[in-house]
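Below you'll find the structure, written out as structure tokens, and then a few comments.
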Amino acid sequence: MHQTFTKKDIEKLNIQGLDIIEVQKQIDRFKTGFPFLEIINYATNDKGITVLSPEEADIYINIWDGYSRSGHSVVKFVPASGAASRMFKDLFEFLQRKSESPDNDSISIFFDNIRAFAFFDDLNSACVSKKGEDVESLILHGRYKDVLEVLLLKNGLNYGGLPKGLLKFHAYENCNRTPVEEHLVEGALYAKSNDGGVTLHFTVSPEHRQLFKELISTVSDSYERAFGVKFDISFSEQKKKTDTIAVDDNNEPFRDGEDLLFRPGGHGALIENLNDLSADIIFIKNIDNVVPDKFKDEEAYYKKMLAGYLVDVQSRIFGYLKLINSGVYSREELLEILYFLQDKLNVKNPDTKYLEDAELVLYLQKKLNRPIRVCGMVKNVGEAGGGPFFAVNEDGTVSLQILESSQIDLDDPRKKDLFVKGTHFNPVDVVCGVKDFNGEKFDLITFIDENTGFISKKTKEGRALKALELPGLWNGAMSDWNTVFVEVPLSTFNPVKSVNDLLRKEHRS
């Protein structure tokens, strides 16, 4: 049964850039849910995750250095939207409690180390301005919550309302840097073109776009001089047409008054933003996974290794596709291509042994002529999030996928066992090749698996609702890409989920 929409509803749909058919599909999805993916096994160092020796890593770094100096276009894509409120969850909760003094380890650690944070000087000045005393004086008088109000709320530094990219993460002798600045420096180290150009693209929230632009305009000249580069920096926002309708517990459209409620479609919506970029190679890295300069050489080393590995694999794919397109090839050459698909790209098809040569050629063309991503994988240390698995695709083939726990039927003992035993974790360390062997850009939208997504429970003003997230950017949105996993050390994964993470040695300069 299809939903009935009012004239006002349809006007809102038009504003969102959605049509009734699309919204009806979303409502139907709430009713049916998303199917679990069939997993065959988790990827390991023995099968599915490549481990490179130092000598091999150096070879791929040299490949990348040569490629990046040869006139190819490179972009660093950084998802940076959303407020940092979750980073200060414990501090916000303390503000709401009756206790006036630190009442758990997290709060005590924060105040005991408050001078170590890169934002301390700004906080200290703001406390003097807003509260009439410096931070240490306020703490001495038991006014802990006054300090937090200045740090987190709008009439102070507003760190609870700003995105992570604009917060001061790392302290240096002569300056303190935000994640945005650290990404500029990173770009200069591994994404520089032969003419010294470094191109970065940040996805931001509309309300923060101007703040990002102001920061970039303030700092970019000094970093260009320091690293001998020229930055080309652009921004985009998550498109309104990727917002999804919210429903109530009965799967009826949730209304805010008389208006339909739409919510952002999750990071999977950013495939649209990625698709708008035109580049030969695109690096993807989250905004909060940055380190100070003393750790950057190691980080850049592994980024260049992944990129060189991608360039090498992609060049072999391009060579095979040109051979197939020439129409002049032997049975032995077709088998060589098939073995490459199976062994290097980990794409398995039990039916290939039954295919005639003409059918095999079509199969190889289809599987090779796709976007490709090389994803760094770290050893599993219990982090929440996705991991590398062999999964069954809609066409019956098996390939490598990054899957979240919600995509796996954990009520099935065998699959739960596979999920629990997974040896590696996805740190969102991705290098992408998005052009075909003729140099034409792929339409990335056509490679999304629409049957992968997430339904979550939320509230609005105390009312329960269900929200729909689109297939995740590195999950379903890249489901039909060629995927290669390469192990990288845990030292390359340093996200900041909580403010106290900034006290770890990896974030101390």
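By order of appearance in the structure tokens: chains A, B, ..., then residues from 1 within every chain, and ligands from 1 in the order shown.
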
Please, which residues of range 69-108 of chain A, numbered as in this document, come out alpha helix (DSSP H) from DSSP, as a list in words? Lys89, Asp90, Leu91, Phe92, Glu93, Phe94, Leu95, Gln96, Asp105, Ser106, Ile107 and Ser108 of chain A

Shell of 12 Å around Ser236 in chain A, only C-alpha atoms, local chain residues under 6 positions omitted, as a PDB file with N, CA and C atoms, in the first residue's frame:
```
ATOM      1  N   PHE A  77      40.455  13.608  -0.298  1.00  0.00           N
ATOM      2  CA  PHE A  77      39.036  13.805   0.021  1.00  0.00           C
ATOM      3  C   PHE A  77      38.850  13.558   1.509  1.00  0.00           C
ATOM      4  N   VAL A  78      38.354  14.581   2.220  1.00  0.00           N
ATOM      5  CA  VAL A  78      38.260  14.497   3.678  1.00  0.00           C
ATOM      6  C   VAL A  78      36.829  14.767   4.133  1.00  0.00           C
ATOM      7  N   PRO A  79      36.084  13.732   4.545  1.00  0.00           N
ATOM      8  CA  PRO A  79      34.767  13.974   5.151  1.00  0.00           C
ATOM      9  C   PRO A  79      34.951  14.731   6.469  1.00  0.00           C
ATOM     10  N   ALA A  80      34.368  15.940   6.567  1.00  0.00           N
ATOM     11  CA  ALA A  80      34.642  16.793   7.733  1.00  0.00           C
ATOM     12  C   ALA A  80      33.396  17.462   8.283  1.00  0.00           C
ATOM     13  N   SER A  81      32.223  16.947   7.920  1.00  0.00           N
ATOM     14  CA  SER A  81      30.989  17.592   8.388  1.00  0.00           C
ATOM     15  C   SER A  81      30.560  17.009   9.729  1.00  0.00           C
ATOM     16  N   LEU A 200      42.919  19.478  -2.195  1.00  0.00           N
ATOM     17  CA  LEU A 200      42.146  18.870  -1.115  1.00  0.00           C
ATOM     18  C   LEU A 200      40.691  19.270  -1.244  1.00  0.00           C
ATOM     19  N   HIS A 201      39.818  18.326  -0.875  1.00  0.00           N
ATOM     20  CA  HIS A 201      38.381  18.601  -0.896  1.00  0.00           C
ATOM     21  C   HIS A 201      37.788  18.170   0.436  1.00  0.00           C
ATOM     22  N   PHE A 202      37.126  19.105   1.124  1.00  0.00           N
ATOM     23  CA  PHE A 202      36.491  18.831   2.405  1.00  0.00           C
ATOM     24  C   PHE A 202      34.971  18.849   2.240  1.00  0.00           C
ATOM     25  N   THR A 203      34.302  17.840   2.762  1.00  0.00           N
ATOM     26  CA  THR A 203      32.838  17.909   2.830  1.00  0.00           C
ATOM     27  C   THR A 203      32.474  18.499   4.190  1.00  0.00           C
ATOM     28  N   VAL A 204      31.646  19.528   4.175  1.00  0.00           N
ATOM     29  CA  VAL A 204      31.353  20.293   5.395  1.00  0.00           C
ATOM     30  C   VAL A 204      29.849  20.499   5.541  1.00  0.00           C
ATOM     31  N   SER A 205      29.444  20.893   6.747  1.00  0.00           N
ATOM     32  CA  SER A 205      28.047  21.247   6.983  1.00  0.00           C
ATOM     33  C   SER A 205      27.813  22.683   6.515  1.00  0.00           C
ATOM     34  N   PRO A 206      26.620  22.991   6.016  1.00  0.00           N
ATOM     35  CA  PRO A 206      26.359  24.353   5.511  1.00  0.00           C
ATOM     36  C   PRO A 206      26.661  25.434   6.544  1.00  0.00           C
ATOM     37  N   GLU A 207      26.301  25.174   7.806  1.00  0.00           N
ATOM     38  CA  GLU A 207      26.478  26.199   8.835  1.00  0.00           C
ATOM     39  C   GLU A 207      27.935  26.428   9.210  1.00  0.00           C
ATOM     40  N   HIS A 208      28.821  25.503   8.797  1.00  0.00           N
ATOM     41  CA  HIS A 208      30.239  25.646   9.155  1.00  0.00           C
ATOM     42  C   HIS A 208      31.117  25.999   7.960  1.00  0.00           C
ATOM     43  N   ARG A 209      30.554  26.029   6.786  1.00  0.00           N
ATOM     44  CA  ARG A 209      31.364  26.226   5.573  1.00  0.00           C
ATOM     45  C   ARG A 209      32.196  27.505   5.647  1.00  0.00           C
ATOM     46  N   GLN A 210      31.587  28.598   6.076  1.00  0.00           N
ATOM     47  CA  GLN A 210      32.305  29.869   6.119  1.00  0.00           C
ATOM     48  C   GLN A 210      33.456  29.817   7.112  1.00  0.00           C
ATOM     49  N   PHE A 212      35.252  27.175   7.888  1.00  0.00           N
ATOM     50  CA  PHE A 212      36.332  26.441   7.234  1.00  0.00           C
ATOM     51  C   PHE A 212      37.080  27.347   6.255  1.00  0.00           C
ATOM     52  N   LYS A 213      36.341  28.098   5.463  1.00  0.00           N
ATOM     53  CA  LYS A 213      36.963  28.974   4.467  1.00  0.00           C
ATOM     54  C   LYS A 213      37.819  30.036   5.133  1.00  0.00           C
ATOM     55  N   LEU A 270      27.904  10.695   0.767  1.00  0.00           N
ATOM     56  CA  LEU A 270      29.060  11.410   0.222  1.00  0.00           C
ATOM     57  C   LEU A 270      29.590  10.783  -1.057  1.00  0.00           C
ATOM     58  N   ILE A 271      29.065   9.622  -1.460  1.00  0.00           N
ATOM     59  CA  ILE A 271      29.453   9.070  -2.765  1.00  0.00           C
ATOM     60  C   ILE A 271      29.076  10.048  -3.866  1.00  0.00           C
ATOM     61  N   GLU A 272      28.010  10.827  -3.635  1.00  0.00           N
ATOM     62  CA  GLU A 272      27.619  11.868  -4.605  1.00  0.00           C
ATOM     63  C   GLU A 272      28.712  12.929  -4.700  1.00  0.00           C
ATOM     64  N   ASN A 273      29.243  13.355  -3.567  1.00  0.00           N
ATOM     65  CA  ASN A 273      30.304  14.366  -3.557  1.00  0.00           C
ATOM     66  C   ASN A 273      31.575  13.816  -4.182  1.00  0.00           C
ATOM     67  N   LEU A 274      31.893  12.564  -3.857  1.00  0.00           N
ATOM     68  CA  LEU A 274      33.073  11.927  -4.443  1.00  0.00           C
ATOM     69  C   LEU A 274      32.914  11.812  -5.954  1.00  0.00           C
ATOM     70  N   ASN A 275      31.724  11.531  -6.393  1.00  0.00           N
ATOM     71  CA  ASN A 275      31.450  11.357  -7.819  1.00  0.00           C
ATOM     72  C   ASN A 275      31.609  12.665  -8.595  1.00  0.00           C
ATOM     73  N   ASP A 276      31.485  13.778  -7.906  1.00  0.00           N
ATOM     74  CA  ASP A 276      31.611  15.085  -8.567  1.00  0.00           C
ATOM     75  C   ASP A 276      33.061  15.479  -8.797  1.00  0.00           C
ATOM     76  N   LEU A 277      33.990  14.770  -8.170  1.00  0.00           N
ATOM     77  CA  LEU A 277      35.406  15.104  -8.323  1.00  0.00           C
ATOM     78  C   LEU A 277      35.971  14.443  -9.571  1.00  0.00           C
TER      79      LEU A 277
END
```

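The neighbours of Gly327 in chain A here are the residues that come within 10 Å of it, using only C-alpha atoms and leaving out any residue fewer than 4 positions away in the same chain; they are Lys322, Leu323 and Val361 of chain A.
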
Can you write out the residues you just picked, keeping C-alpha atoms, as a PDB file, in the first residue's frame?
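File again00.pdb, as written:
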```pdb
ATOM      1  CA  LYS A 322      43.237  -3.070 -23.786  1.00  0.00           C
ATOM      2  CA  LEU A 323      44.256  -6.584 -24.769  1.00  0.00           C
ATOM      3  CA  VAL A 361      35.657 -12.437 -22.160  1.00  0.00           C
TER       4      VAL A 361
END
```

Using only C-alpha atoms, what table do you get, as CSV, when you list each residue of range 405-505 of chain A with an atom no more than 7 Å from range 340-355 of chain A, its nearest pair of atoms, and their distance in Å rounded to one decimal, rows by chain then rising number?
```
residue,atom,partner,partner_atom,distance
A:Asn482,CA,A:Leu345,CA,6.6
A:Thr483,CA,A:Leu345,CA,6.5
A:Val484,CA,A:Leu345,CA,6.1
```

Mind dumping the selected residues with all heavy atoms as a PDB file, in the first residue's frame?
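Written file, result.pdb:
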```
ATOM      1  N   ASN A 482      36.286  -2.902  -7.570  1.00  0.00           N
ATOM      2  CA  ASN A 482      37.356  -3.851  -7.298  1.00  0.00           C
ATOM      3  C   ASN A 482      38.052  -3.408  -6.020  1.00  0.00           C
ATOM      4  O   ASN A 482      38.376  -2.220  -5.861  1.00  0.00           O
ATOM      5  CB  ASN A 482      38.346  -3.911  -8.466  1.00  0.00           C
ATOM      6  CG  ASN A 482      37.852  -4.809  -9.575  1.00  0.00           C
ATOM      7  OD1 ASN A 482      37.325  -5.892  -9.312  1.00  0.00           O
ATOM      8  ND2 ASN A 482      37.998  -4.361 -10.820  1.00  0.00           N
ATOM      9  N   THR A 483      38.257  -4.340  -5.102  1.00  0.00           N
ATOM     10  CA  THR A 483      38.744  -4.010  -3.767  1.00  0.00           C
ATOM     11  C   THR A 483      39.980  -4.823  -3.431  1.00  0.00           C
ATOM     12  O   THR A 483      39.991  -6.042  -3.615  1.00  0.00           O
ATOM     13  CB  THR A 483      37.648  -4.280  -2.715  1.00  0.00           C
ATOM     14  OG1 THR A 483      36.521  -3.434  -2.982  1.00  0.00           O
ATOM     15  CG2 THR A 483      38.151  -4.002  -1.312  1.00  0.00           C
ATOM     16  N   VAL A 484      41.002  -4.132  -2.952  1.00  0.00           N
ATOM     17  CA  VAL A 484      42.238  -4.775  -2.526  1.00  0.00           C
ATOM     18  C   VAL A 484      42.543  -4.308  -1.100  1.00  0.00           C
ATOM     19  O   VAL A 484      42.445  -3.118  -0.794  1.00  0.00           O
ATOM     20  CB  VAL A 484      43.417  -4.397  -3.457  1.00  0.00           C
ATOM     21  CG1 VAL A 484      44.716  -5.025  -2.956  1.00  0.00           C
ATOM     22  CG2 VAL A 484      43.127  -4.830  -4.888  1.00  0.00           C
TER      23      VAL A 484
END
```

Which polymer residues have any atom within 9 Å of an atom of Leu215 in chain A, counting only C-alpha atoms, with same-chain residues fewer than 4 positions away left out, as an mmCIF file with N, CA, C and O atoms, in the first residue's frame?
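And here's out-v5.cif as it stands now:
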```cif
data_model
loop_
_atom_site.group_PDB
_atom_site.id
_atom_site.type_symbol
_atom_site.label_atom_id
_atom_site.label_comp_id
_atom_site.auth_asym_id
_atom_site.auth_seq_id
_atom_site.Cartn_x
_atom_site.Cartn_y
_atom_site.Cartn_z
ATOM 1 N N LEU A 166 37.753 21.988 13.058
ATOM 2 C CA LEU A 166 38.075 23.356 13.463
ATOM 3 C C LEU A 166 38.577 23.459 14.897
ATOM 4 O O LEU A 166 38.847 24.559 15.384
ATOM 5 N N VAL A 180 42.186 20.292 10.184
ATOM 6 C CA VAL A 180 42.238 20.819 8.810
ATOM 7 C C VAL A 180 43.675 21.148 8.433
ATOM 8 O O VAL A 180 44.153 20.795 7.340
ATOM 9 N N GLU A 181 44.390 21.822 9.333
ATOM 10 C CA GLU A 181 45.777 22.186 9.047
ATOM 11 C C GLU A 181 46.653 20.951 8.921
ATOM 12 O O GLU A 181 47.552 20.896 8.067
ATOM 13 N N GLN A 210 31.587 28.598 6.076
ATOM 14 C CA GLN A 210 32.305 29.869 6.119
ATOM 15 C C GLN A 210 33.456 29.817 7.112
ATOM 16 O O GLN A 210 34.529 30.382 6.862
ATOM 17 N N LEU A 211 33.265 29.117 8.231
ATOM 18 C CA LEU A 211 34.337 29.001 9.225
ATOM 19 C C LEU A 211 35.524 28.226 8.658
ATOM 20 O O LEU A 211 36.690 28.577 8.916
ATOM 21 N N VAL A 219 45.500 30.442 7.143
ATOM 22 C CA VAL A 219 46.703 29.624 7.366
ATOM 23 C C VAL A 219 47.376 29.111 6.099
ATOM 24 O O VAL A 219 48.547 28.728 6.148
ATOM 25 N N SER A 220 46.675 29.089 4.968
ATOM 26 C CA SER A 220 47.211 28.379 3.797
ATOM 27 C C SER A 220 48.519 28.984 3.293
ATOM 28 O O SER A 220 49.439 28.251 2.896
#
```

What is the distance between CA of His424 in chain A and CA of Pro388 in chain A, in Å to one decimal? 6.7 Å

Straight-line distance linking CA of Ser106 in chain A with CA of Ile287 in chain A, stated in Å to one decimal: 23.4 Å

Wanna dump the range 155-218 of chain A-range 290-312 of chain A contacts at 9 Å for me, each residue with its shortest atom pair and the distance in Å to one decimal, counting only C-alpha atoms, ordered by chain and number, as a tab-separated table?
```
residue	atom	partner	partner_atom	distance
A:Phe169	CA	A:Pro292	CA	8.9
A:His170	CA	A:Pro292	CA	6.4
A:Ala171	CA	A:Pro292	CA	8.3
A:Tyr172	CA	A:Pro292	CA	8.5
A:Arg177	CA	A:Pro292	CA	8.7
A:Pro179	CA	A:Val290	CA	6.4
A:Glu182	CA	A:Val290	CA	6.5
A:His183	CA	A:Val290	CA	7.2
A:Val185	CA	A:Asp293	CA	8.5
A:Glu186	CA	A:Ala300	CA	7.1
A:Gly187	CA	A:Ala300	CA	9.0
A:Leu189	CA	A:Ala300	CA	6.3
A:Tyr190	CA	A:Ala300	CA	5.8
A:Ala191	CA	A:Lys304	CA	8.4
```

Give me the residues within 10 Å of Leu95 in chain A as a PyMOL selection string, counting only C-alpha atoms and dropping any in the same chain fewer than 3 places off. chain A and resi 90-92+98-100+144-146+148-149

DSSP-assigned strand (DSSP E) members of range 91-319 of chain A, reported as a PyMOL selection string: chain A and resi 170-171+176-177+197-204+230-237+244-245+255-256+259-260+262-263+281-285

Output N, CA, C and O atoms of each residue in that selection to a file, as a compact mmCIF listing (two decimals), in the first residue's frame.
```
# COMPACT_ATOMS: atom_id res chain seq x y z
N HIS A 170 46.54 19.73 18.15
CA HIS A 170 47.96 19.49 18.43
C HIS A 170 48.69 20.78 18.75
O HIS A 170 48.55 21.78 18.04
N ALA A 171 49.50 20.74 19.81
CA ALA A 171 50.28 21.90 20.25
C ALA A 171 51.72 21.79 19.73
O ALA A 171 52.36 20.73 19.85
N ASN A 176 49.48 26.17 17.33
CA ASN A 176 48.63 25.01 17.62
C ASN A 176 47.79 24.75 16.38
O ASN A 176 47.28 25.69 15.76
N ARG A 177 47.63 23.48 16.03
CA ARG A 177 46.98 23.16 14.76
C ARG A 177 45.66 22.43 14.94
O ARG A 177 45.49 21.60 15.83
N GLY A 197 51.48 21.40 -6.87
CA GLY A 197 50.09 21.61 -6.49
C GLY A 197 49.59 20.51 -5.56
O GLY A 197 49.96 19.34 -5.71
N VAL A 198 48.79 20.88 -4.59
CA VAL A 198 48.16 19.93 -3.66
C VAL A 198 46.68 20.25 -3.61
O VAL A 198 46.29 21.36 -3.22
N THR A 199 45.85 19.29 -4.01
CA THR A 199 44.41 19.50 -4.09
C THR A 199 43.71 18.75 -2.98
O THR A 199 43.89 17.54 -2.83
N LEU A 200 42.92 19.48 -2.19
CA LEU A 200 42.15 18.87 -1.11
C LEU A 200 40.69 19.27 -1.24
O LEU A 200 40.37 20.40 -1.66
N HIS A 201 39.82 18.33 -0.87
CA HIS A 201 38.38 18.60 -0.90
C HIS A 201 37.79 18.17 0.44
O HIS A 201 37.94 17.02 0.85
N PHE A 202 37.13 19.10 1.12
CA PHE A 202 36.49 18.83 2.41
C PHE A 202 34.97 18.85 2.24
O PHE A 202 34.43 19.78 1.63
N THR A 203 34.30 17.84 2.76
CA THR A 203 32.84 17.91 2.83
C THR A 203 32.47 18.50 4.19
O THR A 203 32.95 18.03 5.23
N VAL A 204 31.65 19.53 4.17
CA VAL A 204 31.35 20.29 5.39
C VAL A 204 29.85 20.50 5.54
O VAL A 204 29.09 20.32 4.59
N LYS A 230 51.46 24.68 -3.56
CA LYS A 230 50.33 25.58 -3.82
C LYS A 230 49.06 24.77 -3.62
O LYS A 230 48.80 23.79 -4.31
N PHE A 231 48.24 25.19 -2.65
CA PHE A 231 47.03 24.45 -2.33
C PHE A 231 45.87 24.86 -3.23
O PHE A 231 45.68 26.04 -3.54
N ASP A 232 45.10 23.87 -3.63
CA ASP A 232 43.82 24.08 -4.32
C ASP A 232 42.78 23.40 -3.44
O ASP A 232 42.68 22.17 -3.43
N ILE A 233 42.04 24.19 -2.68
CA ILE A 233 41.14 23.64 -1.67
C ILE A 233 39.70 23.99 -2.01
O ILE A 233 39.36 25.13 -2.30
N SER A 234 38.85 22.96 -1.98
CA SER A 234 37.43 23.16 -2.29
C SER A 234 36.57 22.50 -1.22
O SER A 234 37.06 21.68 -0.43
N PHE A 235 35.30 22.87 -1.22
CA PHE A 235 34.36 22.37 -0.22
C PHE A 235 33.07 21.95 -0.92
O PHE A 235 32.70 22.47 -1.96
N SER A 236 32.39 21.00 -0.31
CA SER A 236 31.04 20.68 -0.74
C SER A 236 30.23 20.26 0.47
O SER A 236 30.78 19.97 1.53
N GLU A 237 28.92 20.26 0.30
CA GLU A 237 28.02 19.87 1.38
C GLU A 237 27.24 18.63 0.96
O GLU A 237 27.05 18.38 -0.23
N THR A 244 17.07 11.39 3.88
CA THR A 244 16.07 10.31 3.84
C THR A 244 14.92 10.65 4.79
O THR A 244 15.09 11.33 5.80
N ILE A 245 13.75 10.14 4.44
CA ILE A 245 12.56 10.42 5.26
C ILE A 245 12.63 9.62 6.56
O ILE A 245 13.13 8.50 6.60
N ARG A 255 6.19 13.27 11.38
CA ARG A 255 5.90 14.67 11.08
C ARG A 255 6.32 15.57 12.24
O ARG A 255 6.10 15.28 13.40
N ASP A 256 6.97 16.66 11.87
CA ASP A 256 7.33 17.71 12.81
C ASP A 256 6.28 18.80 12.62
O ASP A 256 6.39 19.64 11.74
N ASP A 259 4.85 19.05 8.95
CA ASP A 259 5.89 18.85 7.94
C ASP A 259 6.53 17.47 8.05
O ASP A 259 6.78 16.95 9.15
N LEU A 260 6.82 16.87 6.90
CA LEU A 260 7.62 15.66 6.86
C LEU A 260 9.01 15.96 7.40
O LEU A 260 9.56 17.04 7.20
N PHE A 262 12.95 15.02 7.33
CA PHE A 262 14.03 14.36 6.61
C PHE A 262 15.31 14.47 7.43
O PHE A 262 15.53 15.45 8.14
N ARG A 263 16.16 13.46 7.31
CA ARG A 263 17.42 13.42 8.04
C ARG A 263 18.57 13.14 7.09
O ARG A 263 18.38 12.51 6.04
N ILE A 281 43.51 9.84 -9.17
CA ILE A 281 43.62 9.12 -7.91
C ILE A 281 43.03 9.98 -6.79
O ILE A 281 43.28 11.20 -6.73
N ILE A 282 42.26 9.36 -5.90
CA ILE A 282 41.67 10.09 -4.77
C ILE A 282 42.01 9.36 -3.47
O ILE A 282 41.72 8.16 -3.33
N PHE A 283 42.63 10.08 -2.54
CA PHE A 283 42.84 9.57 -1.19
C PHE A 283 41.61 9.91 -0.34
O PHE A 283 41.08 11.02 -0.45
N ILE A 284 41.18 8.98 0.51
CA ILE A 284 40.08 9.25 1.46
C ILE A 284 40.60 9.00 2.87
O ILE A 284 41.15 7.93 3.15
N LYS A 285 40.40 9.99 3.73
CA LYS A 285 40.84 9.85 5.12
C LYS A 285 39.95 10.72 5.99
O LYS A 285 39.65 11.86 5.65
```

The distance between CA of Gly439 in chain A and CA of Val488 in chain A is 29.2 Å

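The smallest atom-to-atom distance between Ala269 in chain A and any of A:Leu473, A:Asn289, A:Ser330, A:Ile21, using only C-alpha atoms, is found for A:Leu473.
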